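Enquirer: Have a peek at coords_33.txt (compact mmCIF, C-alpha atoms and all ligand atoms).
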```txt
# COMPACT_ATOMS: atom_id res chain seq x y z
CA MET A 1 157.62 -19.97 68.02
CA PHE A 2 154.68 -22.16 69.15
CA THR A 3 154.96 -25.31 71.23
CA PRO A 4 155.24 -28.48 69.09
CA LEU A 5 151.63 -29.60 69.55
CA VAL A 6 150.18 -26.17 68.75
CA GLN A 7 152.37 -25.95 65.66
CA GLN A 8 151.28 -29.45 64.62
CA LEU A 9 147.62 -28.44 64.92
CA ILE A 10 148.23 -25.35 62.76
CA ASP A 11 150.14 -27.38 60.15
CA HIS A 12 147.43 -30.05 59.88
CA LEU A 13 144.61 -27.51 59.60
CA ARG A 14 146.26 -26.35 56.39
CA CYS A 15 145.14 -29.52 54.61
CA LEU A 16 141.64 -28.00 54.49
CA ALA A 17 140.75 -26.37 51.16
CA GLY A 18 141.19 -22.60 51.21
CA VAL A 19 142.95 -22.50 54.60
CA GLY A 20 146.28 -20.69 54.39
CA PRO A 21 148.88 -20.20 57.17
CA LYS A 22 147.12 -17.20 58.77
CA SER A 23 143.68 -18.81 58.75
CA ALA A 24 145.14 -22.04 60.16
CA GLN A 25 146.61 -20.09 63.10
CA ARG A 26 143.33 -18.28 63.70
CA ILE A 27 141.31 -21.52 63.66
CA ALA A 28 143.77 -23.28 65.97
CA PHE A 29 143.73 -20.46 68.53
CA GLN A 30 139.96 -20.20 68.40
CA LEU A 31 139.54 -23.95 68.99
CA LEU A 32 141.99 -23.94 71.89
CA GLU A 33 140.68 -20.78 73.51
CA ARG A 34 136.93 -20.96 73.04
CA GLN A 35 135.72 -24.09 71.26
CA ARG A 36 137.27 -27.13 72.86
CA GLU A 37 134.04 -29.09 73.03
CA ALA A 38 133.03 -28.27 69.45
CA GLY A 39 136.57 -29.10 68.35
CA LEU A 40 136.44 -32.54 69.99
CA THR A 41 133.06 -33.25 68.38
CA LEU A 42 134.54 -32.19 65.04
CA ALA A 43 137.52 -34.49 65.58
CA SER A 44 135.38 -37.53 66.35
CA THR A 45 132.93 -36.81 63.49
CA LEU A 46 135.86 -36.36 61.13
CA HIS A 47 137.31 -39.67 62.23
CA GLU A 48 134.01 -41.52 61.95
CA ALA A 49 133.12 -40.05 58.53
CA LEU A 50 136.57 -40.64 57.08
CA THR A 51 136.65 -44.26 58.21
CA LYS A 52 133.03 -45.18 57.42
CA VAL A 53 131.91 -43.17 54.38
CA GLY A 54 132.61 -44.83 51.07
CA HIS A 55 130.88 -44.70 47.70
CA CYS A 56 127.39 -45.91 46.82
CA GLN A 57 127.82 -49.11 44.79
CA ARG A 58 125.32 -47.93 42.21
CA CYS A 59 125.67 -44.16 41.73
CA ARG A 60 129.07 -43.57 43.37
CA THR A 61 127.99 -40.69 45.56
CA PHE A 62 129.32 -40.63 49.12
CA SER A 63 127.50 -43.09 51.37
CA GLU A 64 128.20 -45.09 54.51
CA ASN A 65 125.79 -47.78 53.27
CA PRO A 66 126.31 -50.00 50.20
CA LEU A 67 123.45 -48.08 48.52
CA CYS A 68 122.69 -44.39 49.12
CA GLY A 69 119.18 -43.25 50.08
CA LEU A 70 118.19 -42.33 46.51
CA CYS A 71 119.40 -45.60 44.98
CA ALA A 72 117.68 -47.60 47.73
CA SER A 73 114.41 -45.69 47.29
CA LYS A 74 111.49 -47.57 45.75
CA THR A 75 109.75 -44.44 44.48
CA ARG A 76 112.27 -43.22 41.88
CA ASN A 77 111.93 -43.69 38.13
CA ILE A 78 114.51 -46.38 37.42
CA HIS A 79 114.46 -45.80 33.65
CA GLN A 80 115.98 -42.31 33.87
CA LEU A 81 119.59 -41.69 34.83
CA CYS A 82 121.12 -38.26 35.33
CA VAL A 83 124.90 -37.95 35.10
CA VAL A 84 126.51 -35.23 37.24
CA GLU A 85 130.04 -34.30 38.23
CA ASN A 86 129.70 -34.00 42.02
CA PRO A 87 127.48 -35.02 44.95
CA ALA A 88 126.64 -31.30 45.38
CA ASP A 89 125.01 -31.39 41.93
CA VAL A 90 122.68 -34.18 43.07
CA TYR A 91 121.67 -32.05 46.04
CA ALA A 92 121.06 -29.01 43.82
CA LEU A 93 118.95 -30.98 41.33
CA GLU A 94 116.93 -32.59 44.12
CA GLN A 95 116.08 -29.11 45.43
CA THR A 96 114.24 -28.39 42.15
CA HIS A 97 111.74 -31.25 42.74
CA SER A 98 111.65 -31.54 38.94
CA TYR A 99 113.37 -34.88 38.57
CA SER A 100 112.38 -38.28 39.90
CA GLY A 101 114.94 -40.53 38.22
CA LEU A 102 118.25 -41.78 39.55
CA TYR A 103 121.78 -40.37 39.34
CA PHE A 104 125.33 -41.32 38.51
CA VAL A 105 128.08 -39.20 40.06
CA LEU A 106 131.30 -39.08 38.06
CA MET A 107 133.27 -37.43 40.89
CA GLY A 108 134.93 -35.13 38.37
CA HIS A 109 135.19 -34.64 34.63
CA LEU A 110 137.49 -35.72 31.83
CA SER A 111 140.73 -33.75 31.97
CA PRO A 112 143.43 -35.47 29.91
CA LEU A 113 146.09 -32.90 30.85
CA ASP A 114 145.65 -33.80 34.53
CA GLY A 115 145.66 -37.52 33.75
CA ILE A 116 141.92 -37.90 34.33
CA GLY A 117 140.54 -40.22 31.69
CA PRO A 118 137.35 -42.32 31.38
CA GLU A 119 138.56 -44.87 33.95
CA GLU A 120 139.17 -42.20 36.61
CA ILE A 121 135.62 -40.88 36.33
CA HIS A 122 134.18 -44.43 36.33
CA ILE A 123 132.76 -44.44 32.79
CA PRO A 124 133.07 -48.28 32.57
CA ALA A 125 130.81 -48.59 35.66
CA LEU A 126 128.37 -46.11 34.12
CA LYS A 127 128.25 -48.07 30.88
CA GLN A 128 127.65 -51.31 32.75
CA LEU A 129 124.87 -49.72 34.81
CA ILE A 130 123.12 -48.42 31.68
CA GLN A 131 123.23 -51.87 30.08
CA GLN A 132 122.29 -53.85 33.18
CA GLU A 133 119.36 -51.68 34.15
CA SER A 134 118.11 -50.96 30.60
CA ILE A 135 118.15 -47.19 31.15
CA GLN A 136 115.84 -45.51 28.64
CA GLU A 137 116.98 -41.92 29.05
CA LEU A 138 120.35 -40.59 30.09
CA ILE A 139 120.41 -36.91 31.08
CA LEU A 140 123.89 -35.42 30.85
CA ALA A 141 124.03 -32.74 33.53
CA THR A 142 127.77 -32.12 33.64
CA ASN A 143 128.81 -28.48 34.08
CA PRO A 144 128.68 -26.09 31.08
CA THR A 145 132.49 -25.75 31.12
CA VAL A 146 134.91 -26.93 28.42
CA GLU A 147 135.65 -30.10 30.43
CA GLY A 148 132.01 -30.68 31.34
CA GLU A 149 130.94 -30.37 27.69
CA ALA A 150 133.74 -32.70 26.57
CA THR A 151 132.69 -35.25 29.18
CA ALA A 152 129.03 -35.07 28.10
CA HIS A 153 130.09 -35.51 24.46
CA TYR A 154 132.28 -38.48 25.27
CA ILE A 155 129.46 -40.27 27.12
CA ALA A 156 126.86 -39.46 24.44
CA ASN A 157 129.22 -40.86 21.82
CA LEU A 158 129.59 -44.13 23.73
CA LEU A 159 125.82 -44.62 23.63
CA LYS A 160 125.39 -43.62 19.98
CA ASP A 161 124.32 -47.05 18.77
CA THR A 162 122.38 -48.17 21.85
CA PRO A 163 118.65 -47.86 22.60
CA THR A 164 119.36 -45.36 25.40
CA ARG A 165 118.23 -41.82 24.55
CA CYS A 166 120.77 -39.14 25.52
CA SER A 167 119.88 -35.58 26.39
CA ARG A 168 121.88 -32.61 27.63
CA ILE A 169 120.52 -30.12 30.18
CA ALA A 170 119.67 -26.76 28.62
CA HIS A 171 121.75 -23.67 29.34
CA GLY A 172 120.61 -20.13 28.88
CA VAL A 173 119.25 -16.95 30.37
CA PRO A 174 118.80 -17.08 34.15
CA LEU A 175 115.31 -16.40 35.48
CA ASP A 176 114.90 -12.71 36.37
CA GLY A 177 118.17 -12.01 34.53
CA GLU A 178 118.78 -9.06 32.21
CA LEU A 179 120.15 -9.82 28.75
CA GLY A 180 122.51 -6.83 28.80
CA TYR A 181 124.48 -8.32 31.68
CA LEU A 182 124.93 -11.81 30.26
CA ASP A 183 128.22 -13.09 28.88
CA VAL A 184 128.35 -13.68 25.13
CA GLY A 185 128.67 -17.46 25.44
CA THR A 186 125.52 -17.84 27.56
CA LEU A 187 123.51 -15.50 25.35
CA SER A 188 124.64 -17.18 22.16
CA ARG A 189 123.75 -20.60 23.60
CA ALA A 190 120.34 -19.33 24.72
CA LEU A 191 119.65 -18.09 21.20
CA THR A 192 120.81 -21.31 19.53
CA LEU A 193 118.75 -23.49 21.87
CA ARG A 194 115.60 -21.33 21.69
CA THR A 195 112.29 -23.15 22.15
CA ALA A 196 108.86 -22.55 20.66
CA ILE A 197 106.36 -20.68 22.84
CA ASP A 198 103.71 -23.07 24.07
CA LEU A 199 100.33 -21.29 23.77
CA SER A 200 98.20 -24.20 24.91
ZN ZN B 301 123.43 -44.19 45.07
```
Show me this structure written as structure tokens.

Expert:
Amino acid sequence: MFTPLVQQLIDHLRCLAGVGPKSAQRIAFQLLERQREAGLTLASTLHEALTKVGHCQRCRTFSENPLCGLCASKTRNIHQLCVVENPADVYALEQTHSYSGLYFVLMGHLSPLDGIGPEEIHIPALKQLIQQESIQELILATNPTVEGEATAHYIANLLKDTPTRCSRIAHGVPLDGELGYLDVGTLSRALTLRTAIDLS
């Protein structure tokens, strides 16, 4: 129906997450009709990023340099390490301005049914990093999902008999939230992990 090159463009656009056949057609036509320059910039950026961006040697987040900006920084607390599932989690935590330690990005979570074990999420590298850099506190900030909890448990277990202190981020009632609208799991967790009111 379309000429070979147009069809090829549509087919390749479908490799993008969430882009189905209809969306791929729409994007292709839009690029060809109205956004040629933007499309060419996208193509060259895509090529450059995909050939140059690798993983930070220390925390494994995406980086085109051997060390990412955070790992190379001299102002971070090198005794604290926060373990997250994805680079987006690092960005989210940095937005809080509440943490000044370093990170380790697993790039996923344990999922034995999908063949993702400790090796696939780089647990050996994490263990080595903790030992080499004498990390005092490890903050497990994996997602509060079944897999995220299992991953946090697995890592905490590995460090059971080491001097490194392990903590898990708290989960509970969102700020400005109403209890009546919360799911049972969140509410039950909030109640179990209640904290004393600080009156000082
Ligand atoms: Zn890094």

Enquirer: Can you tell me which residues come within 9 Å of ligand ZN 301 (chain B) when counting all atoms listed in the file, ideally as JSON, numbers by chain?

Expert: {"A": [55, 56, 57, 58, 59, 60, 61, 62, 63, 66, 67, 68, 69, 70, 71, 72, 102, 103, 104, 105]}

Enquirer: Skipping near chain neighbours, those fewer than 4 positions away, what residues fall within 7 Å of stretch 145-160 of chain A using only C-alpha atoms, listed as a ChimeraX atom specification?

Expert: /A:109-111,140,164,166

Enquirer: Tell me, in Å to one decimal, how far atom CA of A:Arg26 is from atom CA of A:Phe2.

Expert: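 About the pair atom CA of A:Arg26 and atom CA of A:Phe2: they are 13.2 Å apart.
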
Enquirer: Is there a way to get, as a list of chain:residue names, all residues within 12 Å of the point (114.3, -44.3, 28.9) in file coordinates, counting all atoms listed in the file?

Expert: A:Asn77, A:Ile78, A:His79, A:Gln80, A:Leu81, A:Cys82, A:Gly101, A:Leu102, A:Ile130, A:Gln131, A:Glu133, A:Ser134, A:Ile135, A:Gln136, A:Glu137, A:Leu138, A:Ile139, A:Thr162, A:Pro163, A:Thr164, A:Arg165, A:Cys166, A:Ser167

Enquirer: For A:Thr142, which of A:Val173, A:Val90, A:Ala38, A:Leu13 is the closest residue, counting all atoms listed in the file?

Expert: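 Checking each of A:Val173, A:Val90, A:Ala38, A:Leu13 against A:Thr142, counting all atoms listed in the file, the winner is A:Val90.
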
Enquirer: Nearest to A:Ala43: which of A:Thr3, A:Leu113, A:Leu126, A:Leu9 is it, counting all atoms listed in the file?

Expert: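 Checking each of A:Thr3, A:Leu113, A:Leu126, A:Leu9 against A:Ala43, counting all atoms listed in the file, the winner is A:Leu9.
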
Enquirer: Residues around (149.6, -30.4, 65.8), cut-off 12 Å, counting all atoms listed in the file - what are they as a ChimeraX atom specification?

Expert: /A:2-14,24-25,28-29,32

Enquirer: Using only C-alpha atoms, which protein or nucleic acid residues come within 8 Å of A:Ala141? Drop anything in the same chain fewer than 6 positions from it, and give the result as a ChimeraX atom specification.

Expert: /A:82-85,152,168-169

Enquirer: Please report the interatomic distance between atom CA of A:Lys22 and atom CA of A:Asn86 in Å with one decimal.

Expert: 29.4 Å

Enquirer: Could you check how far atom CA of A:Gly172 sits from atom CA of A:His97, in Å to one decimal?

Expert: 19.9 Å
